[in-house]
Amino acid sequence: GRRVLWTGAAGGVAELRRLAERTEAAARRAGVPRDEHRAYHPHLTVARSRTDADLRPYAEELRPFASTPWQVTELSLVRSNLPASGVPGEQPRYQTVGSWPLGRAG
């Protein structure tokens with residue numbers, strides 16, 4: 001796209017997909033409205049732009065990058081509080097609503 005730069009995730013993808021499916025099912029049971037169903041693609045968002053931007057040079061520069069493996073040990077639900085004052089340059093504020101450990105017990 002022209003507003004989001006992201007990288008795909010590898011390793012444990014089946015577990016990530018299962019977590020995403022269970023999260024979506026729980027949201028449905030809780031009555032959370034969903035406009036559309038999108039296929040799950042495990043990824044990490046690297047950057048966002050508020051306006052359209054040509055992100056291809058950044059994507060090309062990052063193409064050869066490969067991270068060392070790392071383990072996700074916690075899931076955090078984060079609320080984005082978007083600016084409402086209209087003050088130029090005001091940034092969104094992020095609030096952690098809850099956090100849960102991941103992994104097998106014991």
# chains A, B, ... in the order shown; residues from 1 in each chain; ligands from 1

call {"tool": "closest_atom_pairs", "arguments": {"of": "stretch 13-34 of chain A", "to": "stretch 59-77 of chain A", "cutoff": "12 Å", "atoms": "only C-alpha atoms", "output": "Markdown table"}}
result
| residue | atom | partner | partner_atom | distance |
| --- | --- | --- | --- | --- |
| A:Glu15 | CA | A:Val72 | CA | 11.6 |
| A:Leu16 | CA | A:Val72 | CA | 10.4 |
| A:Leu19 | CA | A:Leu75 | CA | 10.4 |
| A:Ala20 | CA | A:Leu75 | CA | 11.6 |
| A:Thr23 | CA | A:Leu77 | CA | 11.2 |

call {"tool": "write_last_selection", "arguments": {"atoms": "C-alpha atoms", "output": "PDB file, in the first residue's frame"}}
result
ATOM      1  CA  GLU A  15      -0.016 -21.183  15.876  1.00  0.00           C
ATOM      2  CA  LEU A  16      -0.392 -17.518  14.928  1.00  0.00           C
ATOM      3  CA  LEU A  19      -4.607 -17.522  17.701  1.00  0.00           C
ATOM      4  CA  ALA A  20      -6.071 -15.113  15.111  1.00  0.00           C
ATOM      5  CA  THR A  23      -9.521 -14.115  18.677  1.00  0.00           C
TER       6      THR A  23
END

call {"tool": "residues_around", "arguments": {"residues": "A:Gly8", "least_positions_apart": "3", "cutoff": "8 Å", "atoms": "only C-alpha atoms", "output": "PyMOL selection string"}}
result
chain A and resi 41-44

call {"tool": "write_last_selection", "arguments": {"atoms": "all heavy atoms", "output": "short mmCIF file (atom, residue, chain, number, x, y, z; two decimals), in the first residue's frame"}}
result
data_model
loop_
_atom_site.label_atom_id
_atom_site.label_comp_id
_atom_site.auth_asym_id
_atom_site.auth_seq_id
_atom_site.Cartn_x
_atom_site.Cartn_y
_atom_site.Cartn_z
N HIS A 41 -2.69 -12.73 7.56
CA HIS A 41 -1.31 -12.73 7.08
C HIS A 41 -0.42 -12.28 8.24
O HIS A 41 -0.42 -11.09 8.59
CB HIS A 41 -1.14 -11.76 5.90
CG HIS A 41 -1.97 -12.12 4.73
ND1 HIS A 41 -1.65 -13.13 3.87
CD2 HIS A 41 -3.13 -11.60 4.27
CE1 HIS A 41 -2.57 -13.22 2.94
NE2 HIS A 41 -3.48 -12.31 3.16
N PRO A 42 0.31 -13.21 8.88
CA PRO A 42 1.15 -12.82 10.02
C PRO A 42 2.19 -11.80 9.57
O PRO A 42 2.86 -11.99 8.57
CB PRO A 42 1.79 -14.12 10.48
CG PRO A 42 1.59 -15.09 9.38
CD PRO A 42 0.44 -14.62 8.55
N HIS A 43 2.26 -10.69 10.31
CA HIS A 43 3.18 -9.61 9.92
C HIS A 43 3.49 -8.72 11.11
O HIS A 43 2.86 -8.81 12.15
CB HIS A 43 2.56 -8.78 8.80
CG HIS A 43 1.40 -7.94 9.28
ND1 HIS A 43 0.14 -8.46 9.48
CD2 HIS A 43 1.33 -6.63 9.60
CE1 HIS A 43 -0.66 -7.50 9.91
NE2 HIS A 43 0.04 -6.38 10.00
N LEU A 44 4.46 -7.86 10.89
CA LEU A 44 4.82 -6.83 11.86
C LEU A 44 4.79 -5.50 11.12
O LEU A 44 5.46 -5.34 10.10
CB LEU A 44 6.22 -7.09 12.42
CG LEU A 44 6.77 -6.03 13.39
CD1 LEU A 44 5.94 -6.00 14.66
CD2 LEU A 44 8.22 -6.32 13.70
#

call {"tool": "select_by_dssp", "arguments": {"residues": "chain A", "states": "strand (DSSP E)", "output": "PyMOL selection string"}}
result
chain A and resi 4-8+43-48+74-81+93-101

call {"tool": "atom_distance", "arguments": {"atom1": "atom CA of A:Thr7", "atom2": "atom CA of A:Val46"}}
result
7.1 Å

call {"tool": "select_by_dssp", "arguments": {"residues": "stretch 6-100 of chain A", "states": "helix (DSSP H, G or I)", "output": "list in words"}}
result
Val13, Ala14, Glu15, Leu16, Arg17, Arg18, Leu19, Ala20, Glu21, Arg22, Thr23, Glu24, Ala25, Ala26, Ala27, Arg28, Arg29, Arg56, Pro57, Tyr58, Ala59, Glu60, Glu61 and Leu62 of chain A

call {"tool": "atom_distance", "arguments": {"atom1": "atom CA of A:Tyr94", "atom2": "atom CA of A:Arg34"}}
result
21.8 Å

call {"tool": "atom_distance", "arguments": {"atom1": "atom CA of A:Gly12", "atom2": "atom CA of A:Ala26"}}
result
21.2 Å

call {"tool": "closest_residue", "arguments": {"among": "A:Arg104, A:Arg22, A:Leu5, A:Val78", "to": "A:Asp54", "atoms": "only C-alpha atoms"}}
result
A:Leu5

call {"tool": "closest_residue", "arguments": {"among": "A:Ser85, A:Ser80, A:Ala30, A:Ala14", "to": "A:Val97", "atoms": "only C-alpha atoms"}}
result
A:Ser80
